[in-house]
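Raw contents of work15.cif, mmCIF, N, CA and C atoms:
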```cif
data_input
loop_
_atom_site.label_atom_id
_atom_site.label_comp_id
_atom_site.auth_asym_id
_atom_site.auth_seq_id
_atom_site.Cartn_x
_atom_site.Cartn_y
_atom_site.Cartn_z
N MET A 28 10.57 -1.25 -7.49
CA MET A 28 11.29 -2.00 -6.48
C MET A 28 10.30 -2.65 -5.50
N ALA A 29 9.28 -1.90 -5.08
CA ALA A 29 8.29 -2.44 -4.14
C ALA A 29 7.50 -3.57 -4.79
N LYS A 30 7.12 -3.39 -6.04
CA LYS A 30 6.36 -4.43 -6.75
C LYS A 30 7.18 -5.71 -6.83
N ALA A 31 8.43 -5.61 -7.22
CA ALA A 31 9.29 -6.79 -7.33
C ALA A 31 9.46 -7.47 -5.97
N HIS A 32 9.58 -6.68 -4.91
CA HIS A 32 9.72 -7.25 -3.56
C HIS A 32 8.48 -8.06 -3.20
N LEU A 33 7.31 -7.51 -3.46
CA LEU A 33 6.07 -8.21 -3.14
C LEU A 33 5.94 -9.49 -3.96
N GLU A 34 6.25 -9.41 -5.24
CA GLU A 34 6.14 -10.60 -6.10
C GLU A 34 7.10 -11.69 -5.65
N ARG A 35 8.30 -11.30 -5.22
CA ARG A 35 9.23 -12.30 -4.68
C ARG A 35 8.67 -12.97 -3.43
N GLY A 36 7.84 -12.24 -2.70
CA GLY A 36 7.22 -12.76 -1.49
C GLY A 36 5.95 -13.54 -1.75
N GLY A 37 5.60 -13.75 -3.01
CA GLY A 37 4.43 -14.56 -3.34
C GLY A 37 3.16 -13.79 -3.62
N TYR A 38 3.21 -12.47 -3.57
CA TYR A 38 2.03 -11.67 -3.89
C TYR A 38 1.81 -11.67 -5.40
N GLN A 39 0.56 -11.58 -5.80
CA GLN A 39 0.22 -11.43 -7.21
C GLN A 39 -0.27 -9.99 -7.40
N VAL A 40 0.58 -9.15 -7.95
CA VAL A 40 0.24 -7.74 -8.16
C VAL A 40 -0.69 -7.65 -9.37
N VAL A 41 -1.86 -7.04 -9.16
CA VAL A 41 -2.86 -6.94 -10.22
C VAL A 41 -3.06 -5.52 -10.73
N ALA A 42 -2.53 -4.53 -10.00
CA ALA A 42 -2.68 -3.14 -10.45
C ALA A 42 -1.56 -2.29 -9.84
N THR A 43 -1.07 -1.37 -10.65
CA THR A 43 -0.10 -0.38 -10.17
C THR A 43 -0.64 1.00 -10.52
N ARG A 44 -0.50 1.91 -9.56
CA ARG A 44 -0.97 3.29 -9.75
C ARG A 44 -2.40 3.31 -10.28
N LYS A 45 -3.26 2.56 -9.62
CA LYS A 45 -4.66 2.43 -10.04
C LYS A 45 -5.46 3.64 -9.58
N ARG A 46 -6.03 4.33 -10.55
CA ARG A 46 -6.87 5.49 -10.25
C ARG A 46 -8.32 5.02 -10.10
N THR A 47 -8.95 5.47 -9.03
CA THR A 47 -10.36 5.18 -8.80
C THR A 47 -11.07 6.50 -8.53
N LEU A 48 -12.38 6.45 -8.41
CA LEU A 48 -13.12 7.66 -8.06
C LEU A 48 -12.73 8.16 -6.68
N GLY A 49 -12.23 7.27 -5.83
CA GLY A 49 -11.84 7.66 -4.48
C GLY A 49 -10.41 8.12 -4.35
N GLY A 50 -9.61 7.98 -5.40
CA GLY A 50 -8.20 8.37 -5.35
C GLY A 50 -7.32 7.32 -6.00
N GLU A 51 -6.02 7.43 -5.76
CA GLU A 51 -5.07 6.52 -6.40
C GLU A 51 -4.52 5.52 -5.39
N LEU A 52 -4.37 4.28 -5.86
CA LEU A 52 -3.76 3.21 -5.08
C LEU A 52 -2.42 2.87 -5.73
N ASP A 53 -1.35 2.85 -4.94
CA ASP A 53 -0.02 2.58 -5.50
C ASP A 53 0.05 1.17 -6.08
N LEU A 54 -0.29 0.18 -5.27
CA LEU A 54 -0.28 -1.21 -5.71
C LEU A 54 -1.50 -1.92 -5.15
N VAL A 55 -2.05 -2.83 -5.94
CA VAL A 55 -3.11 -3.71 -5.47
C VAL A 55 -2.63 -5.13 -5.78
N ALA A 56 -2.69 -6.00 -4.78
CA ALA A 56 -2.15 -7.34 -4.96
C ALA A 56 -2.97 -8.36 -4.17
N TRP A 57 -2.88 -9.59 -4.62
CA TRP A 57 -3.46 -10.69 -3.87
C TRP A 57 -2.37 -11.36 -3.05
N ASP A 58 -2.65 -11.58 -1.79
CA ASP A 58 -1.80 -12.38 -0.90
C ASP A 58 -2.67 -13.56 -0.52
N GLY A 59 -2.62 -14.60 -1.35
CA GLY A 59 -3.55 -15.71 -1.17
C GLY A 59 -4.96 -15.19 -1.44
N PRO A 60 -5.90 -15.44 -0.51
CA PRO A 60 -7.29 -15.00 -0.74
C PRO A 60 -7.55 -13.56 -0.31
N THR A 61 -6.50 -12.87 0.18
CA THR A 61 -6.67 -11.51 0.70
C THR A 61 -6.23 -10.48 -0.33
N LEU A 62 -7.09 -9.51 -0.58
CA LEU A 62 -6.76 -8.40 -1.46
C LEU A 62 -6.04 -7.34 -0.63
N VAL A 63 -4.86 -6.95 -1.09
CA VAL A 63 -4.01 -6.04 -0.32
C VAL A 63 -3.83 -4.74 -1.09
N PHE A 64 -4.12 -3.64 -0.40
CA PHE A 64 -3.89 -2.31 -0.94
C PHE A 64 -2.59 -1.82 -0.33
N VAL A 65 -1.61 -1.54 -1.20
CA VAL A 65 -0.26 -1.23 -0.73
C VAL A 65 0.09 0.22 -1.03
N GLU A 66 0.44 0.95 0.02
CA GLU A 66 0.92 2.32 -0.12
C GLU A 66 2.44 2.28 -0.08
N VAL A 67 3.08 2.88 -1.07
CA VAL A 67 4.54 2.91 -1.15
C VAL A 67 5.00 4.33 -0.81
N LYS A 68 5.90 4.42 0.16
CA LYS A 68 6.43 5.73 0.55
C LYS A 68 7.94 5.65 0.56
N ALA A 69 8.59 6.65 -0.03
CA ALA A 69 10.05 6.70 -0.08
C ALA A 69 10.52 8.00 0.56
N ARG A 70 11.65 7.93 1.23
CA ARG A 70 12.27 9.10 1.84
C ARG A 70 13.74 9.08 1.48
N SER A 71 14.28 10.25 1.19
CA SER A 71 15.71 10.34 0.90
C SER A 71 16.49 10.85 2.10
N ASP A 72 15.77 11.40 3.09
CA ASP A 72 16.44 11.97 4.26
C ASP A 72 15.66 11.61 5.51
N ALA A 73 16.27 10.87 6.41
CA ALA A 73 15.60 10.45 7.64
C ALA A 73 15.36 11.61 8.59
N GLY A 74 15.94 12.76 8.30
CA GLY A 74 15.75 13.93 9.15
C GLY A 74 14.30 14.36 9.25
N PHE A 75 13.49 13.98 8.30
CA PHE A 75 12.07 14.34 8.31
C PHE A 75 11.20 13.18 8.77
N GLY A 76 11.80 12.15 9.34
CA GLY A 76 11.04 10.99 9.81
C GLY A 76 11.15 9.83 8.85
N ARG A 77 10.67 8.71 9.32
CA ARG A 77 10.70 7.49 8.50
C ARG A 77 9.59 7.56 7.45
N ALA A 78 9.81 6.86 6.36
CA ALA A 78 8.86 6.91 5.25
C ALA A 78 7.45 6.50 5.67
N GLU A 79 7.35 5.45 6.47
CA GLU A 79 6.02 4.95 6.86
C GLU A 79 5.25 5.94 7.73
N GLU A 80 5.96 6.86 8.38
CA GLU A 80 5.29 7.87 9.20
C GLU A 80 4.48 8.85 8.36
N MET A 81 4.72 8.88 7.07
CA MET A 81 3.99 9.76 6.18
C MET A 81 2.58 9.24 5.89
N VAL A 82 2.30 8.01 6.27
CA VAL A 82 0.95 7.45 6.09
C VAL A 82 0.17 7.75 7.36
N ASP A 83 -0.22 9.01 7.50
CA ASP A 83 -0.93 9.46 8.68
C ASP A 83 -2.43 9.16 8.56
N ARG A 84 -3.18 9.55 9.57
CA ARG A 84 -4.64 9.25 9.61
C ARG A 84 -5.34 9.80 8.37
N ARG A 85 -4.99 11.00 7.95
CA ARG A 85 -5.62 11.60 6.77
C ARG A 85 -5.34 10.78 5.52
N LYS A 86 -4.08 10.36 5.35
CA LYS A 86 -3.71 9.53 4.20
C LYS A 86 -4.43 8.19 4.27
N GLN A 87 -4.54 7.62 5.46
CA GLN A 87 -5.24 6.35 5.63
C GLN A 87 -6.69 6.47 5.20
N GLU A 88 -7.33 7.56 5.55
CA GLU A 88 -8.73 7.77 5.17
C GLU A 88 -8.86 7.87 3.65
N ARG A 89 -7.92 8.57 3.00
CA ARG A 89 -7.96 8.68 1.53
C ARG A 89 -7.75 7.31 0.89
N LEU A 90 -6.85 6.53 1.45
CA LEU A 90 -6.62 5.18 0.93
C LEU A 90 -7.87 4.32 1.10
N GLY A 91 -8.56 4.51 2.22
CA GLY A 91 -9.81 3.78 2.44
C GLY A 91 -10.86 4.12 1.40
N GLN A 92 -10.94 5.40 1.04
CA GLN A 92 -11.89 5.82 0.00
C GLN A 92 -11.53 5.21 -1.35
N ALA A 93 -10.26 5.22 -1.68
CA ALA A 93 -9.81 4.63 -2.95
C ALA A 93 -10.06 3.13 -2.96
N ALA A 94 -9.79 2.47 -1.84
CA ALA A 94 -10.02 1.02 -1.75
C ALA A 94 -11.50 0.69 -1.88
N ALA A 95 -12.35 1.49 -1.25
CA ALA A 95 -13.80 1.27 -1.35
C ALA A 95 -14.27 1.40 -2.80
N ALA A 96 -13.74 2.38 -3.51
CA ALA A 96 -14.10 2.56 -4.92
C ALA A 96 -13.62 1.36 -5.75
N TYR A 97 -12.41 0.88 -5.45
CA TYR A 97 -11.88 -0.29 -6.17
C TYR A 97 -12.77 -1.51 -5.92
N LEU A 98 -13.15 -1.72 -4.66
CA LEU A 98 -14.00 -2.86 -4.33
C LEU A 98 -15.37 -2.75 -5.00
N ALA A 99 -15.89 -1.53 -5.13
CA ALA A 99 -17.17 -1.33 -5.81
C ALA A 99 -17.07 -1.75 -7.27
N GLU A 100 -15.90 -1.52 -7.88
CA GLU A 100 -15.69 -1.94 -9.27
C GLU A 100 -15.69 -3.46 -9.39
N LEU A 101 -15.20 -4.14 -8.35
CA LEU A 101 -15.16 -5.61 -8.38
C LEU A 101 -16.55 -6.21 -8.25
N GLY A 102 -17.40 -5.54 -7.50
CA GLY A 102 -18.73 -6.07 -7.23
C GLY A 102 -18.71 -7.01 -6.04
N PRO A 103 -19.93 -7.36 -5.56
CA PRO A 103 -20.02 -8.20 -4.37
C PRO A 103 -19.73 -9.66 -4.69
N PRO A 104 -19.38 -10.44 -3.70
CA PRO A 104 -19.07 -10.04 -2.33
C PRO A 104 -17.62 -9.57 -2.24
N PRO A 105 -17.33 -8.64 -1.33
CA PRO A 105 -15.95 -8.17 -1.23
C PRO A 105 -15.05 -9.24 -0.60
N PRO A 106 -13.83 -9.35 -1.08
CA PRO A 106 -12.89 -10.31 -0.48
C PRO A 106 -12.34 -9.76 0.82
N PRO A 107 -11.70 -10.60 1.62
CA PRO A 107 -10.98 -10.07 2.78
C PRO A 107 -9.91 -9.10 2.27
N CYS A 108 -9.71 -8.00 2.98
CA CYS A 108 -8.77 -6.96 2.54
C CYS A 108 -7.90 -6.51 3.69
N ARG A 109 -6.78 -5.90 3.33
CA ARG A 109 -5.94 -5.25 4.33
C ARG A 109 -5.10 -4.17 3.64
N PHE A 110 -4.48 -3.34 4.47
CA PHE A 110 -3.63 -2.26 3.98
C PHE A 110 -2.19 -2.52 4.44
N ASP A 111 -1.28 -2.58 3.50
CA ASP A 111 0.14 -2.72 3.78
C ASP A 111 0.84 -1.42 3.40
N VAL A 112 2.02 -1.21 3.97
CA VAL A 112 2.87 -0.09 3.59
C VAL A 112 4.24 -0.66 3.25
N VAL A 113 4.79 -0.19 2.13
CA VAL A 113 6.18 -0.49 1.79
C VAL A 113 6.93 0.82 1.91
N ALA A 114 7.88 0.86 2.84
CA ALA A 114 8.68 2.06 3.09
C ALA A 114 10.06 1.86 2.49
N VAL A 115 10.52 2.87 1.76
CA VAL A 115 11.83 2.80 1.12
C VAL A 115 12.67 3.97 1.60
N ASP A 116 13.80 3.66 2.23
CA ASP A 116 14.75 4.69 2.64
C ASP A 116 15.83 4.77 1.59
N MET A 117 15.96 5.95 0.98
CA MET A 117 16.87 6.12 -0.14
C MET A 117 18.06 7.00 0.24
N GLY A 118 18.52 6.89 1.48
CA GLY A 118 19.66 7.68 1.93
C GLY A 118 20.94 7.17 1.29
N SER A 119 22.04 7.34 1.98
CA SER A 119 23.32 6.88 1.45
C SER A 119 23.34 5.35 1.39
N GLY A 120 24.00 4.84 0.39
CA GLY A 120 24.07 3.40 0.20
C GLY A 120 22.86 2.89 -0.56
N PRO A 121 22.74 1.58 -0.66
CA PRO A 121 21.61 1.02 -1.41
C PRO A 121 20.29 1.28 -0.68
N PRO A 122 19.20 1.41 -1.42
CA PRO A 122 17.90 1.63 -0.78
C PRO A 122 17.55 0.50 0.19
N LYS A 123 16.93 0.88 1.30
CA LYS A 123 16.48 -0.10 2.30
C LYS A 123 14.96 -0.12 2.26
N LEU A 124 14.42 -1.29 2.07
CA LEU A 124 12.98 -1.46 1.92
C LEU A 124 12.42 -2.20 3.13
N ARG A 125 11.31 -1.68 3.67
CA ARG A 125 10.61 -2.34 4.77
C ARG A 125 9.17 -2.57 4.34
N HIS A 126 8.71 -3.81 4.47
CA HIS A 126 7.33 -4.14 4.16
C HIS A 126 6.59 -4.30 5.48
N LEU A 127 5.54 -3.52 5.66
CA LEU A 127 4.74 -3.55 6.89
C LEU A 127 3.35 -4.10 6.57
N PRO A 128 3.17 -5.42 6.67
CA PRO A 128 1.85 -6.00 6.41
C PRO A 128 0.83 -5.53 7.45
N ASP A 129 -0.39 -5.35 7.01
CA ASP A 129 -1.48 -4.94 7.91
C ASP A 129 -1.06 -3.72 8.73
N ALA A 130 -0.52 -2.73 8.03
CA ALA A 130 0.08 -1.56 8.66
C ALA A 130 -0.93 -0.71 9.43
N PHE A 131 -2.18 -0.70 8.98
CA PHE A 131 -3.20 0.05 9.68
C PHE A 131 -4.56 -0.53 9.34
N ARG A 132 -5.51 -0.21 10.19
CA ARG A 132 -6.90 -0.59 9.95
C ARG A 132 -7.76 0.66 10.05
N LEU A 133 -8.72 0.75 9.19
CA LEU A 133 -9.60 1.92 9.20
C LEU A 133 -10.49 1.84 10.42
N GLY A 134 -10.70 2.99 11.03
CA GLY A 134 -11.58 3.05 12.19
C GLY A 134 -10.87 2.77 13.50
N ASP A 135 -9.55 2.51 13.45
CA ASP A 135 -8.82 2.28 14.71
C ASP A 135 -8.65 3.57 15.47
#
```

Would you mind writing the structure in this file as structure tokens?
Amino acid sequence: MAKAHLERGGYQVVATRKRTLGGELDLVAWDGPTLVFVEVKARSDAGFGRAEEMVDRRKQERLGQAAAAYLAELGPPPPPCRFDVVAVDMGSGPPKLRHLPDAFRLGD
């Protein structure tokens, strides 16, 4: 669902569930000249918080390690990059999807 949403928005998804030496990346896509690492989080019950809240500092650091390993595979020079989050609420009714571009930056 997240991949289809991004593609409808003009992203070119180039990898899904990509395993690197640094960890796993849910989606990797191009948004024009920018390489986007997308973390997808789903929640079935809002009682435990919103899905995007699960991408805490520790998770962000792991995503940074996975992204660095992915970029090393590409070789220099690295393209402009960012981290997006796609949050999916799967409570009652149809799933609600929120796309949060540039959701976090490493070192903030």

Q: Run the PyMOL selection byres ((chain A and resi 101-110) around 6.5) on the file and write out the hits as number ranges by chain.
A: A: 60-66, 96-100, 111-112, 127-131

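Residues in contact range of A:Ala94, defined as at most 7 Å between all atoms listed in the file, with sequence neighbours fewer than 4 positions away removed, read Gly49, Gly50, Leu52, Arg89, Leu90, Leu98 and Ala99 of chain A.
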
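We find atom N of A:Val41 and atom N of A:Glu79 to be spaced 22.0 Å apart.
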
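Between A:Ala95 and the residues A:Val67, A:Val113, A:Leu133, A:Leu48, the shortest atom-to-atom distance, using only N, CA and C atoms, involves A:Leu48.
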
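Here, the PyMOL selection byres ((chain A and resi 42) around 6) matches Val40, Val41, Thr43, Arg44, Lys45, Asp53, Leu54, Val55 and Ala56 of chain A.
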
Could those residues be written to a file, using N, CA and C atoms, as a PDB file, in the frame of the given file?
```
ATOM      1  N   VAL A  40       0.580  -9.150  -7.950  1.00  0.00           N
ATOM      2  CA  VAL A  40       0.240  -7.740  -8.160  1.00  0.00           C
ATOM      3  C   VAL A  40      -0.690  -7.650  -9.370  1.00  0.00           C
ATOM      4  N   VAL A  41      -1.860  -7.040  -9.160  1.00  0.00           N
ATOM      5  CA  VAL A  41      -2.860  -6.940 -10.220  1.00  0.00           C
ATOM      6  C   VAL A  41      -3.060  -5.520 -10.730  1.00  0.00           C
ATOM      7  N   THR A  43      -1.070  -1.370 -10.650  1.00  0.00           N
ATOM      8  CA  THR A  43      -0.100  -0.380 -10.170  1.00  0.00           C
ATOM      9  C   THR A  43      -0.640   1.000 -10.520  1.00  0.00           C
ATOM     10  N   ARG A  44      -0.500   1.910  -9.560  1.00  0.00           N
ATOM     11  CA  ARG A  44      -0.970   3.290  -9.750  1.00  0.00           C
ATOM     12  C   ARG A  44      -2.400   3.310 -10.280  1.00  0.00           C
ATOM     13  N   LYS A  45      -3.260   2.560  -9.620  1.00  0.00           N
ATOM     14  CA  LYS A  45      -4.660   2.430 -10.040  1.00  0.00           C
ATOM     15  C   LYS A  45      -5.460   3.640  -9.580  1.00  0.00           C
ATOM     16  N   ASP A  53      -1.350   2.850  -4.940  1.00  0.00           N
ATOM     17  CA  ASP A  53      -0.020   2.580  -5.500  1.00  0.00           C
ATOM     18  C   ASP A  53       0.050   1.170  -6.080  1.00  0.00           C
ATOM     19  N   LEU A  54      -0.290   0.180  -5.270  1.00  0.00           N
ATOM     20  CA  LEU A  54      -0.280  -1.210  -5.710  1.00  0.00           C
ATOM     21  C   LEU A  54      -1.500  -1.920  -5.150  1.00  0.00           C
ATOM     22  N   VAL A  55      -2.050  -2.830  -5.940  1.00  0.00           N
ATOM     23  CA  VAL A  55      -3.110  -3.710  -5.470  1.00  0.00           C
ATOM     24  C   VAL A  55      -2.630  -5.130  -5.780  1.00  0.00           C
ATOM     25  N   ALA A  56      -2.690  -6.000  -4.780  1.00  0.00           N
ATOM     26  CA  ALA A  56      -2.150  -7.340  -4.960  1.00  0.00           C
ATOM     27  C   ALA A  56      -2.970  -8.360  -4.170  1.00  0.00           C
TER      28      ALA A  56
END
```

Q: Step one, run DSSP on the backbone; step two, keep only residues of chain A assigned to strand (DSSP E); then write them as an MDAnalysis selection string.
A: chainID A and resid 39:47 50:58 61:70 108:116 123:131

Residue selection dump (N, CA and C atoms) as a compact mmCIF listing (two decimals), in the coordinates of the input:
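Saved as selection19.txt:
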```
# COMPACT_ATOMS: atom_id res chain seq x y z
N GLN A 39 0.56 -11.58 -5.80
CA GLN A 39 0.22 -11.43 -7.21
C GLN A 39 -0.27 -9.99 -7.40
N VAL A 40 0.58 -9.15 -7.95
CA VAL A 40 0.24 -7.74 -8.16
C VAL A 40 -0.69 -7.65 -9.37
N VAL A 41 -1.86 -7.04 -9.16
CA VAL A 41 -2.86 -6.94 -10.22
C VAL A 41 -3.06 -5.52 -10.73
N ALA A 42 -2.53 -4.53 -10.00
CA ALA A 42 -2.68 -3.14 -10.45
C ALA A 42 -1.56 -2.29 -9.84
N THR A 43 -1.07 -1.37 -10.65
CA THR A 43 -0.10 -0.38 -10.17
C THR A 43 -0.64 1.00 -10.52
N ARG A 44 -0.50 1.91 -9.56
CA ARG A 44 -0.97 3.29 -9.75
C ARG A 44 -2.40 3.31 -10.28
N LYS A 45 -3.26 2.56 -9.62
CA LYS A 45 -4.66 2.43 -10.04
C LYS A 45 -5.46 3.64 -9.58
N ARG A 46 -6.03 4.33 -10.55
CA ARG A 46 -6.87 5.49 -10.25
C ARG A 46 -8.32 5.02 -10.10
N THR A 47 -8.95 5.47 -9.03
CA THR A 47 -10.36 5.18 -8.80
C THR A 47 -11.07 6.50 -8.53
N GLY A 50 -9.61 7.98 -5.40
CA GLY A 50 -8.20 8.37 -5.35
C GLY A 50 -7.32 7.32 -6.00
N GLU A 51 -6.02 7.43 -5.76
CA GLU A 51 -5.07 6.52 -6.40
C GLU A 51 -4.52 5.52 -5.39
N LEU A 52 -4.37 4.28 -5.86
CA LEU A 52 -3.76 3.21 -5.08
C LEU A 52 -2.42 2.87 -5.73
N ASP A 53 -1.35 2.85 -4.94
CA ASP A 53 -0.02 2.58 -5.50
C ASP A 53 0.05 1.17 -6.08
N LEU A 54 -0.29 0.18 -5.27
CA LEU A 54 -0.28 -1.21 -5.71
C LEU A 54 -1.50 -1.92 -5.15
N VAL A 55 -2.05 -2.83 -5.94
CA VAL A 55 -3.11 -3.71 -5.47
C VAL A 55 -2.63 -5.13 -5.78
N ALA A 56 -2.69 -6.00 -4.78
CA ALA A 56 -2.15 -7.34 -4.96
C ALA A 56 -2.97 -8.36 -4.17
N TRP A 57 -2.88 -9.59 -4.62
CA TRP A 57 -3.46 -10.69 -3.87
C TRP A 57 -2.37 -11.36 -3.05
N ASP A 58 -2.65 -11.58 -1.79
CA ASP A 58 -1.80 -12.38 -0.90
C ASP A 58 -2.67 -13.56 -0.52
N THR A 61 -6.50 -12.87 0.18
CA THR A 61 -6.67 -11.51 0.70
C THR A 61 -6.23 -10.48 -0.33
N LEU A 62 -7.09 -9.51 -0.58
CA LEU A 62 -6.76 -8.40 -1.46
C LEU A 62 -6.04 -7.34 -0.63
N VAL A 63 -4.86 -6.95 -1.09
CA VAL A 63 -4.01 -6.04 -0.32
C VAL A 63 -3.83 -4.74 -1.09
N PHE A 64 -4.12 -3.64 -0.40
CA PHE A 64 -3.89 -2.31 -0.94
C PHE A 64 -2.59 -1.82 -0.33
N VAL A 65 -1.61 -1.54 -1.20
CA VAL A 65 -0.26 -1.23 -0.73
C VAL A 65 0.09 0.22 -1.03
N GLU A 66 0.44 0.95 0.02
CA GLU A 66 0.92 2.32 -0.12
C GLU A 66 2.44 2.28 -0.08
N VAL A 67 3.08 2.88 -1.07
CA VAL A 67 4.54 2.91 -1.15
C VAL A 67 5.00 4.33 -0.81
N LYS A 68 5.90 4.42 0.16
CA LYS A 68 6.43 5.73 0.55
C LYS A 68 7.94 5.65 0.56
N ALA A 69 8.59 6.65 -0.03
CA ALA A 69 10.05 6.70 -0.08
C ALA A 69 10.52 8.00 0.56
N ARG A 70 11.65 7.93 1.23
CA ARG A 70 12.27 9.10 1.84
C ARG A 70 13.74 9.08 1.48
N CYS A 108 -9.71 -8.00 2.98
CA CYS A 108 -8.77 -6.96 2.54
C CYS A 108 -7.90 -6.51 3.69
N ARG A 109 -6.78 -5.90 3.33
CA ARG A 109 -5.94 -5.25 4.33
C ARG A 109 -5.10 -4.17 3.64
N PHE A 110 -4.48 -3.34 4.47
CA PHE A 110 -3.63 -2.26 3.98
C PHE A 110 -2.19 -2.52 4.44
N ASP A 111 -1.28 -2.58 3.50
CA ASP A 111 0.14 -2.72 3.78
C ASP A 111 0.84 -1.42 3.40
N VAL A 112 2.02 -1.21 3.97
CA VAL A 112 2.87 -0.09 3.59
C VAL A 112 4.24 -0.66 3.25
N VAL A 113 4.79 -0.19 2.13
CA VAL A 113 6.18 -0.49 1.79
C VAL A 113 6.93 0.82 1.91
N ALA A 114 7.88 0.86 2.84
CA ALA A 114 8.68 2.06 3.09
C ALA A 114 10.06 1.86 2.49
N VAL A 115 10.52 2.87 1.76
CA VAL A 115 11.83 2.80 1.12
C VAL A 115 12.67 3.97 1.60
N ASP A 116 13.80 3.66 2.23
CA ASP A 116 14.75 4.69 2.64
C ASP A 116 15.83 4.77 1.59
N LYS A 123 16.93 0.88 1.30
CA LYS A 123 16.48 -0.10 2.30
C LYS A 123 14.96 -0.12 2.26
N LEU A 124 14.42 -1.29 2.07
CA LEU A 124 12.98 -1.46 1.92
C LEU A 124 12.42 -2.20 3.13
N ARG A 125 11.31 -1.68 3.67
CA ARG A 125 10.61 -2.34 4.77
C ARG A 125 9.17 -2.57 4.34
N HIS A 126 8.71 -3.81 4.47
CA HIS A 126 7.33 -4.14 4.16
C HIS A 126 6.59 -4.30 5.48
N LEU A 127 5.54 -3.52 5.66
CA LEU A 127 4.74 -3.55 6.89
C LEU A 127 3.35 -4.10 6.57
N PRO A 128 3.17 -5.42 6.67
CA PRO A 128 1.85 -6.00 6.41
C PRO A 128 0.83 -5.53 7.45
N ASP A 129 -0.39 -5.35 7.01
CA ASP A 129 -1.48 -4.94 7.91
C ASP A 129 -1.06 -3.72 8.73
N ALA A 130 -0.52 -2.73 8.03
CA ALA A 130 0.08 -1.56 8.66
C ALA A 130 -0.93 -0.71 9.43
N PHE A 131 -2.18 -0.70 8.98
CA PHE A 131 -3.20 0.05 9.68
C PHE A 131 -4.56 -0.53 9.34
```

Q) Which of these, A:Val115, A:Gly37, A:Trp57, A:Pro122, has the shortest distance to A:Ala78 once you count only N, CA and C atoms? A) A:Val115

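DSSP on the backbone gives alpha helix (DSSP H) for these parts of stretch 52-134 of chain A: Arg84, Arg85, Lys86, Gln87, Glu88, Arg89, Leu90, Gly91, Gln92, Ala93, Ala94, Ala95, Ala96, Tyr97, Leu98, Ala99, Glu100 and Leu101 of chain A.
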
Q: Quick one: pull the distance between atom C of A:Gly134 and atom N of A:Gly76, Å, one decimal.
A: 24.9 Å

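Interatomic distance, atom C of A:Lys123 against atom N of A:Ser71: 10.4 Å.
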